[in-house]
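**Q** Contents are mmCIF, N, CA and C atoms; file name protein-v1.cif:
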```cif
data_protein
#
loop_
_atom_site.label_atom_id
_atom_site.label_comp_id
_atom_site.auth_asym_id
_atom_site.auth_seq_id
_atom_site.Cartn_x
_atom_site.Cartn_y
_atom_site.Cartn_z
N MET A 1 4.43 21.84 2.31
CA MET A 1 4.40 21.02 3.52
C MET A 1 5.14 19.71 3.25
N ALA A 2 5.95 19.29 4.18
CA ALA A 2 6.74 18.06 4.04
C ALA A 2 5.84 16.83 4.02
N ARG A 3 6.23 15.87 3.22
CA ARG A 3 5.53 14.58 3.17
C ARG A 3 6.30 13.64 4.10
N VAL A 4 5.61 13.15 5.14
CA VAL A 4 6.24 12.32 6.17
C VAL A 4 5.69 10.90 6.07
N LEU A 5 6.57 9.93 6.01
CA LEU A 5 6.17 8.53 5.95
C LEU A 5 6.59 7.83 7.23
N ILE A 6 5.64 7.13 7.82
CA ILE A 6 5.94 6.25 8.95
C ILE A 6 5.38 4.88 8.61
N PHE A 7 5.92 3.88 9.24
CA PHE A 7 5.40 2.54 9.01
C PHE A 7 5.49 1.74 10.29
N GLY A 8 4.66 0.71 10.36
CA GLY A 8 4.67 -0.13 11.55
C GLY A 8 3.49 -1.08 11.55
N THR A 9 3.38 -1.85 12.61
CA THR A 9 2.31 -2.83 12.75
C THR A 9 1.04 -2.17 13.29
N PHE A 10 1.20 -1.33 14.30
CA PHE A 10 0.08 -0.63 14.94
C PHE A 10 -0.96 -1.60 15.47
N ASP A 11 -0.48 -2.69 16.06
CA ASP A 11 -1.36 -3.70 16.65
C ASP A 11 -1.89 -3.17 17.98
N ARG A 12 -3.18 -3.21 18.17
CA ARG A 12 -3.83 -2.69 19.38
C ARG A 12 -3.32 -1.27 19.67
N LEU A 13 -3.72 -0.36 18.81
CA LEU A 13 -3.29 1.04 18.89
C LEU A 13 -3.29 1.53 20.34
N HIS A 14 -2.15 2.02 20.80
CA HIS A 14 -2.00 2.43 22.20
C HIS A 14 -1.31 3.79 22.27
N PRO A 15 -1.19 4.37 23.48
CA PRO A 15 -0.60 5.71 23.61
C PRO A 15 0.80 5.86 23.02
N GLY A 16 1.59 4.81 22.99
CA GLY A 16 2.90 4.88 22.34
C GLY A 16 2.77 5.11 20.85
N HIS A 17 1.82 4.40 20.21
CA HIS A 17 1.56 4.62 18.78
C HIS A 17 1.04 6.04 18.55
N GLU A 18 0.13 6.48 19.43
CA GLU A 18 -0.45 7.81 19.29
C GLU A 18 0.62 8.90 19.41
N PHE A 19 1.57 8.71 20.32
CA PHE A 19 2.71 9.63 20.46
C PHE A 19 3.48 9.69 19.14
N PHE A 20 3.73 8.54 18.55
CA PHE A 20 4.46 8.43 17.28
C PHE A 20 3.71 9.17 16.17
N LEU A 21 2.42 8.94 16.07
CA LEU A 21 1.61 9.58 15.03
C LEU A 21 1.52 11.09 15.23
N ARG A 22 1.34 11.55 16.46
CA ARG A 22 1.28 12.99 16.72
C ARG A 22 2.62 13.66 16.40
N ALA A 23 3.71 13.00 16.75
CA ALA A 23 5.05 13.55 16.43
C ALA A 23 5.22 13.68 14.92
N ALA A 24 4.75 12.70 14.18
CA ALA A 24 4.83 12.76 12.72
C ALA A 24 3.99 13.91 12.18
N GLN A 25 2.80 14.11 12.73
CA GLN A 25 1.93 15.20 12.27
C GLN A 25 2.55 16.57 12.50
N LYS A 26 3.38 16.71 13.50
CA LYS A 26 4.04 17.98 13.76
C LYS A 26 5.07 18.31 12.69
N ARG A 27 5.48 17.30 11.91
CA ARG A 27 6.52 17.49 10.91
C ARG A 27 5.98 17.65 9.49
N GLY A 28 4.67 17.39 9.29
CA GLY A 28 4.12 17.56 7.96
C GLY A 28 2.91 16.68 7.70
N GLU A 29 2.62 16.49 6.43
CA GLU A 29 1.51 15.66 5.99
C GLU A 29 1.94 14.20 6.10
N VAL A 30 1.15 13.39 6.78
CA VAL A 30 1.58 12.05 7.18
C VAL A 30 0.94 10.95 6.35
N TRP A 31 1.79 10.02 5.93
CA TRP A 31 1.37 8.77 5.32
C TRP A 31 1.82 7.65 6.26
N VAL A 32 0.92 6.72 6.51
CA VAL A 32 1.21 5.59 7.40
C VAL A 32 1.11 4.31 6.58
N ALA A 33 2.18 3.54 6.53
CA ALA A 33 2.17 2.23 5.89
C ALA A 33 2.01 1.19 7.00
N VAL A 34 0.84 0.56 7.03
CA VAL A 34 0.55 -0.46 8.03
C VAL A 34 1.02 -1.80 7.50
N ALA A 35 1.78 -2.51 8.30
CA ALA A 35 2.36 -3.79 7.88
C ALA A 35 1.27 -4.83 7.62
N ARG A 36 1.47 -5.60 6.58
CA ARG A 36 0.54 -6.69 6.25
C ARG A 36 0.72 -7.82 7.26
N ASP A 37 -0.34 -8.60 7.47
CA ASP A 37 -0.29 -9.71 8.42
C ASP A 37 0.85 -10.66 8.10
N SER A 38 1.00 -11.01 6.83
CA SER A 38 2.05 -11.96 6.45
C SER A 38 3.44 -11.38 6.69
N THR A 39 3.60 -10.08 6.52
CA THR A 39 4.89 -9.44 6.77
C THR A 39 5.21 -9.47 8.26
N VAL A 40 4.22 -9.16 9.09
CA VAL A 40 4.43 -9.19 10.53
C VAL A 40 4.85 -10.58 10.97
N GLU A 41 4.16 -11.59 10.46
CA GLU A 41 4.50 -12.97 10.82
C GLU A 41 5.91 -13.34 10.37
N ARG A 42 6.27 -12.91 9.16
CA ARG A 42 7.60 -13.22 8.62
C ARG A 42 8.70 -12.52 9.44
N ILE A 43 8.48 -11.26 9.84
CA ILE A 43 9.51 -10.50 10.54
C ILE A 43 9.54 -10.79 12.03
N LYS A 44 8.35 -10.84 12.65
CA LYS A 44 8.29 -11.00 14.11
C LYS A 44 8.11 -12.45 14.56
N GLY A 45 7.81 -13.33 13.61
CA GLY A 45 7.65 -14.74 13.96
C GLY A 45 6.30 -15.08 14.56
N LYS A 46 5.37 -14.14 14.53
CA LYS A 46 4.01 -14.40 15.02
C LYS A 46 3.06 -13.42 14.35
N ARG A 47 1.82 -13.84 14.26
CA ARG A 47 0.80 -12.99 13.65
C ARG A 47 0.39 -11.90 14.63
N PRO A 48 -0.03 -10.75 14.13
CA PRO A 48 -0.52 -9.71 15.03
C PRO A 48 -1.84 -10.13 15.66
N VAL A 49 -2.19 -9.53 16.77
CA VAL A 49 -3.46 -9.83 17.43
C VAL A 49 -4.62 -9.41 16.53
N GLN A 50 -4.51 -8.22 15.94
CA GLN A 50 -5.55 -7.71 15.04
C GLN A 50 -5.14 -7.95 13.59
N GLN A 51 -6.12 -8.19 12.75
CA GLN A 51 -5.83 -8.35 11.33
C GLN A 51 -5.51 -7.00 10.70
N GLU A 52 -4.85 -7.03 9.56
CA GLU A 52 -4.35 -5.81 8.93
C GLU A 52 -5.44 -4.76 8.68
N GLU A 53 -6.61 -5.16 8.23
CA GLU A 53 -7.68 -4.19 7.97
C GLU A 53 -8.15 -3.52 9.25
N ALA A 54 -8.21 -4.27 10.35
CA ALA A 54 -8.62 -3.71 11.64
C ALA A 54 -7.57 -2.71 12.13
N ARG A 55 -6.29 -3.03 11.94
CA ARG A 55 -5.23 -2.13 12.36
C ARG A 55 -5.24 -0.86 11.51
N LYS A 56 -5.46 -1.01 10.22
CA LYS A 56 -5.55 0.14 9.31
C LYS A 56 -6.73 1.02 9.70
N CYS A 57 -7.88 0.43 9.96
CA CYS A 57 -9.08 1.18 10.35
C CYS A 57 -8.88 1.90 11.68
N ALA A 58 -8.18 1.28 12.61
CA ALA A 58 -7.94 1.91 13.91
C ALA A 58 -7.13 3.19 13.75
N VAL A 59 -6.10 3.14 12.90
CA VAL A 59 -5.29 4.33 12.65
C VAL A 59 -6.13 5.39 11.95
N GLU A 60 -6.90 5.00 10.95
CA GLU A 60 -7.75 5.95 10.23
C GLU A 60 -8.77 6.61 11.15
N HIS A 61 -9.35 5.84 12.04
CA HIS A 61 -10.36 6.36 12.96
C HIS A 61 -9.73 7.33 13.96
N ALA A 62 -8.60 6.98 14.52
CA ALA A 62 -7.95 7.81 15.54
C ALA A 62 -7.28 9.05 14.94
N PHE A 63 -6.85 8.95 13.68
CA PHE A 63 -6.13 10.04 13.02
C PHE A 63 -6.70 10.25 11.61
N PRO A 64 -7.89 10.85 11.53
CA PRO A 64 -8.56 10.99 10.22
C PRO A 64 -7.81 11.88 9.22
N ASP A 65 -6.86 12.67 9.68
CA ASP A 65 -6.13 13.56 8.77
C ASP A 65 -4.90 12.92 8.13
N VAL A 66 -4.57 11.67 8.49
CA VAL A 66 -3.41 11.02 7.89
C VAL A 66 -3.86 10.10 6.76
N HIS A 67 -2.95 9.81 5.88
CA HIS A 67 -3.20 8.90 4.76
C HIS A 67 -2.69 7.52 5.18
N VAL A 68 -3.56 6.53 5.16
CA VAL A 68 -3.18 5.20 5.63
C VAL A 68 -3.25 4.23 4.47
N LEU A 69 -2.18 3.46 4.31
CA LEU A 69 -2.14 2.44 3.26
C LEU A 69 -1.56 1.17 3.85
N LEU A 70 -1.86 0.07 3.22
CA LEU A 70 -1.27 -1.20 3.62
C LEU A 70 0.06 -1.36 2.90
N GLY A 71 1.04 -1.89 3.60
CA GLY A 71 2.35 -2.12 3.00
C GLY A 71 2.28 -3.18 1.92
N ASP A 72 3.38 -3.36 1.25
CA ASP A 72 3.49 -4.37 0.20
C ASP A 72 4.08 -5.63 0.82
N THR A 73 3.55 -6.79 0.46
CA THR A 73 4.00 -8.03 1.09
C THR A 73 5.40 -8.46 0.67
N HIS A 74 5.90 -7.98 -0.46
CA HIS A 74 7.21 -8.41 -0.93
C HIS A 74 8.18 -7.26 -1.21
N ASP A 75 7.65 -6.10 -1.55
CA ASP A 75 8.50 -4.97 -1.91
C ASP A 75 8.39 -3.90 -0.83
N TYR A 76 9.29 -3.92 0.13
CA TYR A 76 9.22 -3.00 1.25
C TYR A 76 9.46 -1.54 0.84
N LEU A 77 10.02 -1.31 -0.34
CA LEU A 77 10.24 0.05 -0.80
C LEU A 77 9.05 0.61 -1.58
N ALA A 78 8.03 -0.19 -1.84
CA ALA A 78 6.86 0.28 -2.60
C ALA A 78 6.22 1.51 -1.96
N PRO A 79 6.01 1.54 -0.63
CA PRO A 79 5.43 2.77 -0.05
C PRO A 79 6.31 4.01 -0.25
N PHE A 80 7.62 3.83 -0.26
CA PHE A 80 8.52 4.96 -0.50
C PHE A 80 8.30 5.53 -1.90
N ARG A 81 8.17 4.63 -2.89
CA ARG A 81 7.95 5.08 -4.27
C ARG A 81 6.57 5.70 -4.41
N ALA A 82 5.56 5.14 -3.75
CA ALA A 82 4.20 5.67 -3.86
C ALA A 82 4.05 7.03 -3.20
N VAL A 83 4.65 7.22 -2.04
CA VAL A 83 4.49 8.46 -1.27
C VAL A 83 5.51 9.52 -1.66
N GLN A 84 6.71 9.10 -2.03
CA GLN A 84 7.82 10.01 -2.31
C GLN A 84 8.01 10.99 -1.14
N PRO A 85 8.31 10.45 0.05
CA PRO A 85 8.39 11.30 1.25
C PRO A 85 9.62 12.20 1.27
N ASP A 86 9.48 13.27 2.04
CA ASP A 86 10.61 14.14 2.32
C ASP A 86 11.32 13.69 3.58
N LEU A 87 10.58 12.94 4.42
CA LEU A 87 11.09 12.50 5.70
C LEU A 87 10.48 11.16 6.08
N VAL A 88 11.31 10.27 6.60
CA VAL A 88 10.85 9.01 7.17
C VAL A 88 11.14 9.08 8.66
N LEU A 89 10.13 8.79 9.47
CA LEU A 89 10.32 8.75 10.92
C LEU A 89 10.28 7.31 11.39
N LEU A 90 11.20 6.96 12.26
CA LEU A 90 11.23 5.63 12.87
C LEU A 90 10.93 5.77 14.35
N GLY A 91 10.28 4.76 14.90
CA GLY A 91 10.08 4.70 16.33
C GLY A 91 11.40 4.42 17.02
N TYR A 92 11.42 4.63 18.32
CA TYR A 92 12.67 4.50 19.09
C TYR A 92 13.31 3.12 18.97
N ASP A 93 12.50 2.09 18.78
CA ASP A 93 13.03 0.72 18.73
C ASP A 93 12.80 0.06 17.38
N GLN A 94 12.45 0.84 16.39
CA GLN A 94 12.05 0.31 15.10
C GLN A 94 13.26 0.11 14.18
N ALA A 95 13.31 -1.06 13.57
CA ALA A 95 14.35 -1.36 12.59
C ALA A 95 13.78 -1.19 11.19
N LEU A 96 14.65 -0.96 10.24
CA LEU A 96 14.22 -0.95 8.85
C LEU A 96 13.84 -2.38 8.46
N PRO A 97 12.95 -2.52 7.47
CA PRO A 97 12.57 -3.88 7.04
C PRO A 97 13.78 -4.67 6.56
N PRO A 98 13.69 -6.00 6.63
CA PRO A 98 14.81 -6.84 6.18
C PRO A 98 15.23 -6.51 4.75
N GLY A 99 16.52 -6.38 4.56
CA GLY A 99 17.05 -6.11 3.23
C GLY A 99 17.04 -4.65 2.84
N ILE A 100 16.52 -3.78 3.69
CA ILE A 100 16.49 -2.34 3.43
C ILE A 100 17.54 -1.68 4.32
N PHE A 101 18.33 -0.83 3.71
CA PHE A 101 19.40 -0.14 4.43
C PHE A 101 19.20 1.36 4.34
N GLU A 102 19.84 2.09 5.23
CA GLU A 102 19.67 3.55 5.24
C GLU A 102 19.96 4.16 3.88
N GLU A 103 20.92 3.60 3.15
CA GLU A 103 21.25 4.12 1.82
C GLU A 103 20.10 3.96 0.84
N ASP A 104 19.18 3.01 1.11
CA ASP A 104 18.05 2.77 0.23
C ASP A 104 16.93 3.80 0.42
N ILE A 105 16.96 4.51 1.53
CA ILE A 105 15.91 5.47 1.84
C ILE A 105 16.20 6.76 1.07
N PRO A 106 15.26 7.16 0.20
CA PRO A 106 15.53 8.29 -0.71
C PRO A 106 15.28 9.67 -0.11
N CYS A 107 15.35 9.79 1.22
CA CYS A 107 15.07 11.07 1.85
C CYS A 107 15.69 11.08 3.25
N ALA A 108 15.47 12.17 3.97
CA ALA A 108 15.96 12.26 5.35
C ALA A 108 15.24 11.24 6.23
N MET A 109 15.91 10.81 7.27
CA MET A 109 15.33 9.85 8.20
C MET A 109 15.68 10.27 9.61
N GLU A 110 14.69 10.20 10.51
CA GLU A 110 14.90 10.54 11.91
C GLU A 110 14.33 9.43 12.78
N ARG A 111 14.90 9.29 13.96
CA ARG A 111 14.39 8.35 14.96
C ARG A 111 13.80 9.16 16.10
N LEU A 112 12.55 8.83 16.46
CA LEU A 112 11.87 9.53 17.55
C LEU A 112 12.25 8.94 18.90
N PRO A 113 12.14 9.73 19.95
CA PRO A 113 12.38 9.19 21.30
C PRO A 113 11.22 8.29 21.71
N SER A 114 11.42 7.55 22.77
CA SER A 114 10.37 6.66 23.26
C SER A 114 9.34 7.43 24.07
N HIS A 115 8.18 6.83 24.21
CA HIS A 115 7.12 7.36 25.05
C HIS A 115 6.73 6.27 26.04
N LYS A 116 7.28 6.34 27.25
CA LYS A 116 6.97 5.38 28.31
C LYS A 116 7.12 3.93 27.80
N PRO A 117 8.32 3.55 27.35
CA PRO A 117 8.50 2.24 26.72
C PRO A 117 8.27 1.05 27.66
N THR A 118 8.35 1.27 28.96
CA THR A 118 8.10 0.14 29.87
C THR A 118 6.61 -0.04 30.12
N LYS A 119 5.81 0.90 29.63
CA LYS A 119 4.36 0.81 29.80
C LYS A 119 3.63 0.61 28.48
N TYR A 120 4.03 1.36 27.45
CA TYR A 120 3.33 1.33 26.17
C TYR A 120 4.20 0.74 25.08
N LYS A 121 4.29 -0.54 25.05
CA LYS A 121 5.00 -1.27 24.01
C LYS A 121 4.14 -2.48 23.70
N SER A 122 3.83 -2.68 22.43
CA SER A 122 2.90 -3.74 22.05
C SER A 122 3.28 -5.10 22.64
N SER A 123 4.57 -5.41 22.66
CA SER A 123 4.99 -6.72 23.15
C SER A 123 4.78 -6.87 24.64
N LEU A 124 4.58 -5.77 25.37
CA LEU A 124 4.35 -5.84 26.81
C LEU A 124 2.89 -5.90 27.18
N LEU A 125 2.02 -5.59 26.22
CA LEU A 125 0.58 -5.57 26.50
C LEU A 125 0.03 -6.99 26.60
N PRO A 126 -0.94 -7.20 27.51
CA PRO A 126 -1.51 -8.56 27.67
C PRO A 126 -2.29 -9.00 26.45
#
```
Output the file's structure in the form of structure tokens.

**A**
Amino acid sequence: MARVLIFGTFDRLHPGHEFFLRAAQKRGEVWVAVARDSTVERIKGKRPVQQEEARKCAVEHAFPDVHVLLGDTHDYLAPFRAVQPDLVLLGYDQALPPGIFEEDIPCAMERLPSHKPTKYKSSLLP
């Protein structure tokens, strides 16, 4: 079975996130790297609404069959080395972490289509 790695903030888990996670599950055994609070603040310029442990627990509760880990605050490739994925899935609007390029990804990479992006996007939620 393929090892699939996804990563993201997963702030206020919503149907768009659930679509992303279900799509990943269709491709193999899933590992989810949840972004650390400090990383979210550094990349997005603001802290997430939920703290990292709450976001991690929300994913674990909603998807008990996936492996959930917290990302590394300084080494964005650490989850890749830990999981050794066969496939990395990106959300429709997701960029690679700063300083990481497609050549750095040691496996296949795919981008998923959006799921109602005008309705289910974290930045649009109140």

**Q** Using all atoms listed in the file for the distances, tell me which of A:His61, A:His74, A:Arg27, A:Lys56 is nearest to Thr39 in chain A.

**A**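 When distances to Thr39 in chain A are compared using all atoms listed in the file, the smallest one comes from A:His74.
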
**Q** Hey, what does DSSP flag as strand (DSSP E) within chain A? Can you give it to me as a ChimeraX atom specification?

**A** /A:3-8,29-34,67-70,87-90,108-111

**Q** Can you turn the PyMOL selection byres ((chain A and resi 7) around 8) into a concrete residue list for this file, as a list in words?

**A**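 Against this file, the PyMOL selection byres ((chain A and resi 7) around 8) returns the residues Val4, Leu5, Ile6, Gly8, Thr9, Phe10, Trp31, Val32, Ala33, Val34, Ala35, Val88, Leu89, Leu90 and Gly91 of chain A.
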
**Q** Interatomic distance between CA of Arg22 in chain A and CA of Val59 in chain A?

**A**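 Value for the CA of Arg22 in chain A-CA of Val59 in chain A distance: 11.6 Å.
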
**Q** Record the distance separating atom C of Asp65 in chain A and atom C of Gln25 in chain A, expressed in Å with one decimal.

**A**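 Between atom C of Asp65 in chain A and atom C of Gln25 in chain A the gap works out to 9.4 Å.
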
**Q** For the atom pair CA of Glu52 in chain A and CA of Leu112 in chain A, what is the interatomic distance in Å to one decimal place?

**A**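 These two atoms are separated by 23.9 Å.
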
**Q** With distances taken over all atoms listed in the file, which residue among A:Ala23, A:Arg47, A:Asp11, A:Arg36 lies nearest Asp72 in chain A?

**A** A:Arg36

**Q** Rank A:Cys107, A:Ala82, A:Val30, A:Met1 by their smallest atom-to-atom distance to Pro64 in chain A, using only C-alpha atoms, and report the top residue only.

**A**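 Closest residue, counting only C-alpha atoms: A:Val30.
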
**Q** May I have all residues of range 6-122 of chain A that DSSP, computed from the backbone, assigns to alpha helix (DSSP H), given as an MDAnalysis selection string?

**A** chainID A and resid 15:25 37:44 52:62 78:83

**Q** Counting only C-alpha atoms, which of A:Ala95, A:Met109, A:Ala58, A:Val68 gets nearest to Ile43 in chain A?

**A** A:Ala95

**Q** Which residues are near Leu77 in chain A? Cut-off 10 Å, only C-alpha atoms, ignore same chain within fewer than 2 positions. Put them as a PDB file with N, CA and C atoms, in the frame of the given file.

**A**
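New file selection-v1.pdb:
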```
ATOM      1  N   GLY A  71       1.040  -1.890   3.600  1.00  0.00           N
ATOM      2  CA  GLY A  71       2.350  -2.120   3.000  1.00  0.00           C
ATOM      3  C   GLY A  71       2.280  -3.180   1.920  1.00  0.00           C
ATOM      4  N   ASP A  72       3.380  -3.360   1.250  1.00  0.00           N
ATOM      5  CA  ASP A  72       3.490  -4.370   0.200  1.00  0.00           C
ATOM      6  C   ASP A  72       4.080  -5.630   0.820  1.00  0.00           C
ATOM      7  N   HIS A  74       5.900  -7.980  -0.460  1.00  0.00           N
ATOM      8  CA  HIS A  74       7.210  -8.410  -0.930  1.00  0.00           C
ATOM      9  C   HIS A  74       8.180  -7.260  -1.210  1.00  0.00           C
ATOM     10  N   ASP A  75       7.650  -6.100  -1.550  1.00  0.00           N
ATOM     11  CA  ASP A  75       8.500  -4.970  -1.910  1.00  0.00           C
ATOM     12  C   ASP A  75       8.390  -3.900  -0.830  1.00  0.00           C
ATOM     13  N   PRO A  79       6.010   1.540  -0.630  1.00  0.00           N
ATOM     14  CA  PRO A  79       5.430   2.770  -0.050  1.00  0.00           C
ATOM     15  C   PRO A  79       6.310   4.010  -0.250  1.00  0.00           C
ATOM     16  N   PHE A  80       7.620   3.830  -0.260  1.00  0.00           N
ATOM     17  CA  PHE A  80       8.520   4.960  -0.500  1.00  0.00           C
ATOM     18  C   PHE A  80       8.300   5.530  -1.900  1.00  0.00           C
ATOM     19  N   ARG A  81       8.170   4.630  -2.890  1.00  0.00           N
ATOM     20  CA  ARG A  81       7.950   5.080  -4.270  1.00  0.00           C
ATOM     21  C   ARG A  81       6.570   5.700  -4.410  1.00  0.00           C
ATOM     22  N   ALA A  82       5.560   5.140  -3.750  1.00  0.00           N
ATOM     23  CA  ALA A  82       4.200   5.670  -3.860  1.00  0.00           C
ATOM     24  C   ALA A  82       4.050   7.030  -3.200  1.00  0.00           C
ATOM     25  N   PRO A  97      12.950  -2.520   7.470  1.00  0.00           N
ATOM     26  CA  PRO A  97      12.570  -3.880   7.040  1.00  0.00           C
ATOM     27  C   PRO A  97      13.780  -4.670   6.560  1.00  0.00           C
ATOM     28  N   ILE A 100      16.520  -3.780   3.690  1.00  0.00           N
ATOM     29  CA  ILE A 100      16.490  -2.340   3.430  1.00  0.00           C
ATOM     30  C   ILE A 100      17.540  -1.680   4.320  1.00  0.00           C
ATOM     31  N   ASP A 104      19.180   3.010   1.110  1.00  0.00           N
ATOM     32  CA  ASP A 104      18.050   2.770   0.230  1.00  0.00           C
ATOM     33  C   ASP A 104      16.930   3.800   0.420  1.00  0.00           C
ATOM     34  N   ILE A 105      16.960   4.510   1.530  1.00  0.00           N
ATOM     35  CA  ILE A 105      15.910   5.470   1.840  1.00  0.00           C
ATOM     36  C   ILE A 105      16.200   6.760   1.070  1.00  0.00           C
ATOM     37  N   PRO A 106      15.260   7.160   0.200  1.00  0.00           N
ATOM     38  CA  PRO A 106      15.530   8.290  -0.710  1.00  0.00           C
ATOM     39  C   PRO A 106      15.280   9.670  -0.110  1.00  0.00           C
TER      40      PRO A 106
END
```

**Q** Taking all atoms listed in the file into account, which of A:Glu53, A:Gly99, A:Asp37, A:Asp86 comes nearest Thr73 in chain A?

**A**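 Of all the options, A:Asp37 lies closest to Thr73 in chain A.
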
**Q** Between A:Arg12, A:Ala62, A:His67, A:Leu21, which is the closest to Pro48 in chain A once you count only N, CA and C atoms?

**A**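 Ranked by minimum distance to Pro48 in chain A, first place goes to A:Arg12.
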
**Q** Edge lengths and centre in Å to one decimal, as JSON, of the axis-aligned box that encloses all listed atoms of range 87-96 of chain A with 8 Å added on every side?

**A**
```
{"center_x": 12.4, "center_y": 5.3, "center_z": 11.8, "size_x": 20.6, "size_y": 31.3, "size_z": 30.7}
```

**Q** Since the input is missing atoms, can you rebuild N, CA, C and O atoms for range 83-97 of chain A and write them as a PDB file, keeping the file's coordinate frame?

**A**
```pdb
ATOM      1  N   VAL A  83       4.650   7.220  -2.040  1.00  0.00           N
ATOM      2  CA  VAL A  83       4.490   8.460  -1.270  1.00  0.00           C
ATOM      3  C   VAL A  83       5.510   9.520  -1.660  1.00  0.00           C
ATOM      4  O   VAL A  83       5.211  10.702  -1.646  1.00  0.00           O
ATOM      5  N   GLN A  84       6.710   9.100  -2.030  1.00  0.00           N
ATOM      6  CA  GLN A  84       7.820  10.010  -2.310  1.00  0.00           C
ATOM      7  C   GLN A  84       8.010  10.990  -1.140  1.00  0.00           C
ATOM      8  O   GLN A  84       7.892  12.198  -1.292  1.00  0.00           O
ATOM      9  N   PRO A  85       8.310  10.450   0.050  1.00  0.00           N
ATOM     10  CA  PRO A  85       8.390  11.300   1.250  1.00  0.00           C
ATOM     11  C   PRO A  85       9.620  12.200   1.270  1.00  0.00           C
ATOM     12  O   PRO A  85      10.629  11.917   0.616  1.00  0.00           O
ATOM     13  N   ASP A  86       9.480  13.270   2.040  1.00  0.00           N
ATOM     14  CA  ASP A  86      10.610  14.140   2.320  1.00  0.00           C
ATOM     15  C   ASP A  86      11.320  13.690   3.580  1.00  0.00           C
ATOM     16  O   ASP A  86      12.480  14.017   3.808  1.00  0.00           O
ATOM     17  N   LEU A  87      10.580  12.940   4.420  1.00  0.00           N
ATOM     18  CA  LEU A  87      11.090  12.500   5.700  1.00  0.00           C
ATOM     19  C   LEU A  87      10.480  11.160   6.080  1.00  0.00           C
ATOM     20  O   LEU A  87       9.274  10.958   5.907  1.00  0.00           O
ATOM     21  N   VAL A  88      11.310  10.270   6.600  1.00  0.00           N
ATOM     22  CA  VAL A  88      10.850   9.010   7.170  1.00  0.00           C
ATOM     23  C   VAL A  88      11.140   9.080   8.660  1.00  0.00           C
ATOM     24  O   VAL A  88      12.257   9.426   9.063  1.00  0.00           O
ATOM     25  N   LEU A  89      10.130   8.790   9.470  1.00  0.00           N
ATOM     26  CA  LEU A  89      10.320   8.750  10.920  1.00  0.00           C
ATOM     27  C   LEU A  89      10.280   7.310  11.390  1.00  0.00           C
ATOM     28  O   LEU A  89       9.408   6.544  10.959  1.00  0.00           O
ATOM     29  N   LEU A  90      11.200   6.960  12.260  1.00  0.00           N
ATOM     30  CA  LEU A  90      11.230   5.630  12.870  1.00  0.00           C
ATOM     31  C   LEU A  90      10.930   5.770  14.350  1.00  0.00           C
ATOM     32  O   LEU A  90      11.321   6.756  14.991  1.00  0.00           O
ATOM     33  N   GLY A  91      10.280   4.760  14.900  1.00  0.00           N
ATOM     34  CA  GLY A  91      10.080   4.700  16.330  1.00  0.00           C
ATOM     35  C   GLY A  91      11.400   4.420  17.020  1.00  0.00           C
ATOM     36  O   GLY A  91      12.372   3.987  16.392  1.00  0.00           O
ATOM     37  N   TYR A  92      11.420   4.630  18.320  1.00  0.00           N
ATOM     38  CA  TYR A  92      12.670   4.500  19.090  1.00  0.00           C
ATOM     39  C   TYR A  92      13.310   3.120  18.970  1.00  0.00           C
ATOM     40  O   TYR A  92      14.524   2.990  19.027  1.00  0.00           O
ATOM     41  N   ASP A  93      12.500   2.090  18.780  1.00  0.00           N
ATOM     42  CA  ASP A  93      13.030   0.720  18.730  1.00  0.00           C
ATOM     43  C   ASP A  93      12.800   0.060  17.380  1.00  0.00           C
ATOM     44  O   ASP A  93      12.932  -1.143  17.235  1.00  0.00           O
ATOM     45  N   GLN A  94      12.450   0.840  16.390  1.00  0.00           N
ATOM     46  CA  GLN A  94      12.050   0.310  15.100  1.00  0.00           C
ATOM     47  C   GLN A  94      13.260   0.110  14.180  1.00  0.00           C
ATOM     48  O   GLN A  94      14.094   0.993  14.033  1.00  0.00           O
ATOM     49  N   ALA A  95      13.310  -1.060  13.570  1.00  0.00           N
ATOM     50  CA  ALA A  95      14.350  -1.360  12.590  1.00  0.00           C
ATOM     51  C   ALA A  95      13.780  -1.190  11.190  1.00  0.00           C
ATOM     52  O   ALA A  95      12.569  -1.271  10.986  1.00  0.00           O
ATOM     53  N   LEU A  96      14.650  -0.960  10.240  1.00  0.00           N
ATOM     54  CA  LEU A  96      14.220  -0.950   8.850  1.00  0.00           C
ATOM     55  C   LEU A  96      13.840  -2.380   8.460  1.00  0.00           C
ATOM     56  O   LEU A  96      14.350  -3.340   9.037  1.00  0.00           O
ATOM     57  N   PRO A  97      12.950  -2.520   7.470  1.00  0.00           N
ATOM     58  CA  PRO A  97      12.570  -3.880   7.040  1.00  0.00           C
ATOM     59  C   PRO A  97      13.780  -4.670   6.560  1.00  0.00           C
ATOM     60  O   PRO A  97      14.786  -4.095   6.129  1.00  0.00           O
TER      61      PRO A  97
END
```
